[in-house]
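Text of the file protein.cif, holding mmCIF, C-alpha atoms:
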```
data_work
loop_
_atom_site.group_PDB
_atom_site.id
_atom_site.type_symbol
_atom_site.label_atom_id
_atom_site.label_comp_id
_atom_site.auth_asym_id
_atom_site.auth_seq_id
_atom_site.Cartn_x
_atom_site.Cartn_y
_atom_site.Cartn_z
ATOM 1 C CA MET A 1 220.655 201.680 191.150
ATOM 2 C CA ASN A 2 218.574 204.101 189.114
ATOM 3 C CA ILE A 3 215.095 202.597 188.715
ATOM 4 C CA ARG A 4 212.296 204.513 187.060
ATOM 5 C CA PRO A 5 208.652 203.659 186.412
ATOM 6 C CA ILE A 6 207.967 201.917 183.112
ATOM 7 C CA ARG A 7 205.560 204.149 181.213
ATOM 8 C CA THR A 8 206.543 203.636 177.578
ATOM 9 C CA ASN A 9 207.769 200.880 175.321
ATOM 10 C CA ILE A 10 211.223 202.501 175.376
ATOM 11 C CA ASP A 11 211.264 202.361 179.195
ATOM 12 C CA TYR A 12 210.243 198.721 178.924
ATOM 13 C CA LYS A 13 213.070 197.892 176.484
ATOM 14 C CA ILE A 14 215.618 199.626 178.718
ATOM 15 C CA ALA A 15 214.396 197.656 181.740
ATOM 16 C CA MET A 16 214.501 194.381 179.786
ATOM 17 C CA ALA A 17 218.053 195.113 178.629
ATOM 18 C CA ARG A 18 219.104 195.723 182.236
ATOM 19 C CA ILE A 19 217.398 192.491 183.354
ATOM 20 C CA SER A 20 219.326 190.676 180.623
ATOM 21 C CA GLU A 21 222.586 192.155 181.914
ATOM 22 C CA LEU A 22 221.810 191.160 185.477
ATOM 23 C CA THR A 23 220.869 187.588 184.576
ATOM 24 C CA LYS A 24 223.888 186.765 182.406
ATOM 25 C CA GLY A 25 225.945 185.378 185.263
ATOM 26 C CA ASP A 26 225.221 183.232 188.269
ATOM 27 C CA PRO A 27 222.279 184.796 190.171
ATOM 28 C CA ASP A 28 223.751 183.576 193.455
ATOM 29 C CA SER A 29 226.842 185.685 192.840
ATOM 30 C CA LEU A 30 224.916 188.957 192.482
ATOM 31 C CA PRO A 31 225.489 191.485 195.234
ATOM 32 C CA ASP A 32 222.382 192.209 197.313
ATOM 33 C CA SER A 33 221.884 195.618 195.662
ATOM 34 C CA GLN A 34 221.858 194.095 192.164
ATOM 35 C CA PHE A 35 219.594 191.259 193.257
ATOM 36 C CA ASP A 36 217.179 193.866 194.669
ATOM 37 C CA GLU A 37 217.396 195.793 191.404
ATOM 38 C CA LEU A 38 216.606 192.619 189.449
ATOM 39 C CA GLU A 39 213.618 191.845 191.648
ATOM 40 C CA ILE A 40 212.220 195.377 191.307
ATOM 41 C CA LEU A 41 212.743 195.460 187.536
ATOM 42 C CA THR A 42 211.039 192.098 187.014
ATOM 43 C CA THR A 43 208.078 193.279 189.085
ATOM 44 C CA LEU A 44 207.825 196.502 187.057
ATOM 45 C CA THR A 45 208.151 194.759 183.688
ATOM 46 C CA ASP A 46 205.590 192.144 184.704
ATOM 47 C CA ALA A 47 203.102 194.884 185.620
ATOM 48 C CA TYR A 48 203.766 196.679 182.312
ATOM 49 C CA GLU A 49 203.301 193.441 180.323
ATOM 50 C CA ASN A 50 200.027 192.652 182.103
ATOM 51 C CA ILE A 51 198.646 196.010 180.982
ATOM 52 C CA HIS A 52 200.179 196.490 177.523
ATOM 53 C CA HIS A 53 200.966 192.990 176.262
ATOM 54 C CA LYS A 54 198.211 190.940 177.820
ATOM 55 C CA ILE A 55 197.613 187.595 176.174
ATOM 56 C CA ASP A 56 193.998 186.526 176.296
ATOM 57 C CA THR A 57 193.130 182.981 177.194
ATOM 58 C CA PRO A 58 192.133 180.954 174.118
ATOM 59 C CA ASP A 59 188.606 179.713 173.691
ATOM 60 C CA PRO A 60 188.097 176.123 174.868
ATOM 61 C CA VAL A 61 188.104 174.552 171.399
ATOM 62 C CA GLU A 62 191.345 176.326 170.445
ATOM 63 C CA ALA A 63 192.903 175.175 173.738
ATOM 64 C CA ILE A 64 191.891 171.574 172.993
ATOM 65 C CA LYS A 65 193.230 171.740 169.430
ATOM 66 C CA PHE A 66 196.492 173.250 170.655
ATOM 67 C CA ARG A 67 196.971 170.477 173.217
ATOM 68 C CA MET A 68 196.101 167.862 170.577
ATOM 69 C CA GLU A 69 198.775 169.313 168.298
ATOM 70 C CA GLN A 70 201.319 169.373 171.139
ATOM 71 C CA GLN A 71 200.683 165.735 171.999
ATOM 72 C CA GLY A 72 200.193 164.470 168.439
ATOM 73 C CA LEU A 73 196.590 163.444 169.130
ATOM 74 C CA GLN A 74 193.904 162.801 166.532
ATOM 75 C CA ASP A 75 190.148 163.395 166.890
ATOM 76 C CA GLU A 76 189.559 159.722 167.694
ATOM 77 C CA ASP A 77 191.974 159.977 170.640
ATOM 78 C CA LEU A 78 189.432 162.208 172.382
ATOM 79 C CA THR A 79 186.616 159.663 172.371
ATOM 80 C CA SER A 80 187.597 158.404 175.836
ATOM 81 C CA ILE A 81 187.191 161.961 177.128
ATOM 82 C CA LEU A 82 184.356 163.447 175.075
ATOM 83 C CA GLY A 83 182.373 160.398 173.961
ATOM 84 C CA GLN A 84 181.635 159.016 170.527
ATOM 85 C CA ARG A 85 183.388 160.344 167.411
ATOM 86 C CA SER A 86 180.371 162.341 166.288
ATOM 87 C CA ARG A 87 180.351 164.203 169.608
ATOM 88 C CA VAL A 88 184.093 164.898 169.320
ATOM 89 C CA SER A 89 183.516 166.268 165.831
ATOM 90 C CA GLU A 90 180.625 168.468 167.002
ATOM 91 C CA ILE A 91 182.726 169.922 169.816
ATOM 92 C CA LEU A 92 185.821 170.551 167.677
ATOM 93 C CA ASN A 93 183.634 172.204 165.031
ATOM 94 C CA LYS A 94 181.884 174.324 167.692
ATOM 95 C CA LYS A 95 178.487 172.754 167.089
ATOM 96 C CA ARG A 96 178.188 171.509 170.686
ATOM 97 C CA ARG A 97 179.326 172.921 174.033
ATOM 98 C CA LEU A 98 181.487 171.101 176.540
ATOM 99 C CA SER A 99 179.724 169.612 179.536
ATOM 100 C CA LEU A 100 181.103 169.994 183.046
ATOM 101 C CA SER A 101 182.233 166.354 183.107
ATOM 102 C CA MET A 102 184.039 166.839 179.766
ATOM 103 C CA ILE A 103 185.786 169.920 181.153
ATOM 104 C CA ARG A 104 186.922 167.978 184.207
ATOM 105 C CA LYS A 105 188.217 165.096 182.071
ATOM 106 C CA LEU A 106 190.055 167.442 179.680
ATOM 107 C CA ASN A 107 191.692 169.146 182.631
ATOM 108 C CA LYS A 108 192.688 165.908 184.309
ATOM 109 C CA GLN A 109 193.729 163.847 181.283
ATOM 110 C CA LEU A 110 195.158 166.517 178.956
ATOM 111 C CA ASN A 111 196.164 169.022 181.641
ATOM 112 C CA ILE A 112 194.303 171.894 179.957
ATOM 113 C CA PRO A 113 193.774 174.704 182.489
ATOM 114 C CA PHE A 114 190.236 175.213 183.756
ATOM 115 C CA ASP A 115 190.342 178.930 182.905
ATOM 116 C CA SER A 116 190.813 178.037 179.212
ATOM 117 C CA LEU A 117 188.077 175.406 179.250
ATOM 118 C CA LEU A 118 185.534 177.607 181.037
ATOM 119 C CA ASN A 119 185.746 180.550 178.607
ATOM 120 C CA GLU A 120 182.713 181.355 176.518
ATOM 121 C CA TYR A 121 182.769 180.705 172.794
ATOM 122 C CA ALA A 122 180.270 181.119 170.007
ATOM 123 C CA LEU A 123 178.610 178.058 168.588
ATOM 124 C CA ILE A 124 178.433 177.763 164.814
ATOM 125 C CA LYS A 125 174.922 177.023 163.687
#
```
Please re-express this file's structure in structure tokens.
Amino acid sequence: MNIRPIRTNIDYKIAMARISELTKGDPDSLPDSQFDELEILTTLTDAYENIHHKIDTPDPVEAIKFRMEQQGLQDEDLTSILGQRSRVSEILNKKRRLSLSMIRKLNKQLNIPFDSLLNEYALIK
């Protein structure tokens, strides 16, 4: 086992290739040394990704639209969560902010994470 820190994109690609090799077979059949190597490499690559390939959380409206697309929902399907159609339209067009009760309902009914719903976003005047 020859593990090095991941400092560059090349180091990252080498580590990912090794992870791919280690995960091709049955993980239960890996010898302890290879399982340890896999665990260390996944920890290192995860840390590298969190620094160099971080994906920001979407703004709340984009998160709602994404979930609507995933579930095949239309604007009118949100009236039970957000209120009347005009309010749904205002929110989806960023003319109105989400209230705390709306955020709770979106989380519970559409399973949108709180961290996405609580992000700040600019209103369009």
8 Å contact set for range 102-107 of chain A, all atoms listed in the file, chain neighbours under 4 positions out, as a PyMOL selection string: chain A and resi 81-82+98+111-114+117-118
Go ahead and save the picked residues with C-alpha atoms, as a short mmCIF file (atom, residue, chain, number, x, y, z; two decimals), keeping the file's coordinate frame.
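Listed below is the output, out.cif:
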```
data_model
loop_
_atom_site.label_atom_id
_atom_site.label_comp_id
_atom_site.auth_asym_id
_atom_site.auth_seq_id
_atom_site.Cartn_x
_atom_site.Cartn_y
_atom_site.Cartn_z
CA ILE A 81 187.19 161.96 177.13
CA LEU A 82 184.36 163.45 175.08
CA LEU A 98 181.49 171.10 176.54
CA ASN A 111 196.16 169.02 181.64
CA ILE A 112 194.30 171.89 179.96
CA PRO A 113 193.77 174.70 182.49
CA PHE A 114 190.24 175.21 183.76
CA LEU A 117 188.08 175.41 179.25
CA LEU A 118 185.53 177.61 181.04
#
```
List the residues selected by the PyMOL selection byres ((chain A and resi 57) around 10) in the file shown, writing them as a list in words. Lys54, Ile55, Asp56, Pro58, Asp59, Pro60, Glu62, Ala63, Pro113, Asp115, Ser116, Leu117 and Asn119 of chain A
Using all atoms listed in the file, which of the listed residues (A:Ile6, A:Met1, A:Leu38, A:Leu44) sits closest to Ile19 in chain A? A:Leu38
How would you write, as number ranges by chain, the residues chosen by the PyMOL selection byres ((chain A and resi 23) around 12) on this structure? A: 16-22, 24-30, 34-35, 37-39, 41-42
Residues within 9 Å of Asp75 in chain A, only C-alpha atoms, excluding chain neighbours under 3 positions, as a PyMOL selection string: chain A and resi 68+78-79+85+88-89+92
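Taking CA of Ile10 in chain A and CA of Pro31 in chain A as the two end points, the separation is 26.8 Å.
Of the listed residues (A:Ser33, A:Glu76, A:Ile40, A:Tyr48), A:Tyr48 comes nearest to Tyr12 in chain A; the distances count only C-alpha atoms.
Coordinates place CA of Lys125 in chain A at a distance of 10.0 Å from CA of Asn93 in chain A.
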Atoms added to range 68-86 of chain A (N, CA and C atoms), reported as a compact mmCIF listing (two decimals), keeping the file's coordinate frame:
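Output saved as out21.txt:
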```
# COMPACT_ATOMS: atom_id res chain seq x y z
N MET A 68 196.07 169.02 171.48
CA MET A 68 196.10 167.86 170.58
C MET A 68 197.34 167.93 169.68
N GLU A 69 197.60 169.12 169.16
CA GLU A 69 198.78 169.31 168.30
C GLU A 69 200.07 169.05 169.08
N GLN A 70 200.13 169.57 170.31
CA GLN A 70 201.32 169.37 171.14
C GLN A 70 201.59 167.89 171.40
N GLN A 71 200.53 167.14 171.63
CA GLN A 71 200.68 165.74 172.00
C GLN A 71 200.53 164.78 170.82
N GLY A 72 200.34 165.31 169.63
CA GLY A 72 200.19 164.47 168.44
C GLY A 72 198.93 163.63 168.45
N LEU A 73 197.85 164.18 169.02
CA LEU A 73 196.59 163.44 169.13
C LEU A 73 195.71 163.68 167.91
N GLN A 74 194.89 162.69 167.60
CA GLN A 74 193.90 162.80 166.53
C GLN A 74 192.52 162.91 167.18
N ASP A 75 191.52 163.27 166.38
CA ASP A 75 190.15 163.40 166.89
C ASP A 75 189.71 162.14 167.64
N GLU A 76 190.02 160.97 167.07
CA GLU A 76 189.56 159.72 167.69
C GLU A 76 190.21 159.48 169.07
N ASP A 77 191.33 160.13 169.33
CA ASP A 77 191.97 159.98 170.64
C ASP A 77 191.17 160.64 171.76
N LEU A 78 190.24 161.51 171.38
CA LEU A 78 189.43 162.21 172.38
C LEU A 78 188.14 161.47 172.73
N THR A 79 187.88 160.36 172.10
CA THR A 79 186.62 159.66 172.37
C THR A 79 186.53 159.18 173.82
N SER A 80 187.64 158.85 174.43
CA SER A 80 187.60 158.40 175.84
C SER A 80 187.26 159.57 176.78
N ILE A 81 187.46 160.77 176.31
CA ILE A 81 187.19 161.96 177.13
C ILE A 81 185.83 162.56 176.80
N LEU A 82 185.54 162.71 175.51
CA LEU A 82 184.36 163.45 175.08
C LEU A 82 183.19 162.56 174.64
N GLY A 83 183.44 161.29 174.42
CA GLY A 83 182.37 160.40 173.96
C GLY A 83 182.60 159.98 172.52
N GLN A 84 181.54 159.56 171.88
CA GLN A 84 181.64 159.02 170.53
C GLN A 84 182.22 160.02 169.53
N ARG A 85 182.70 159.51 168.42
CA ARG A 85 183.39 160.34 167.41
C ARG A 85 182.53 161.49 166.92
N SER A 86 181.23 161.27 166.77
CA SER A 86 180.37 162.34 166.29
C SER A 86 180.33 163.49 167.30
```
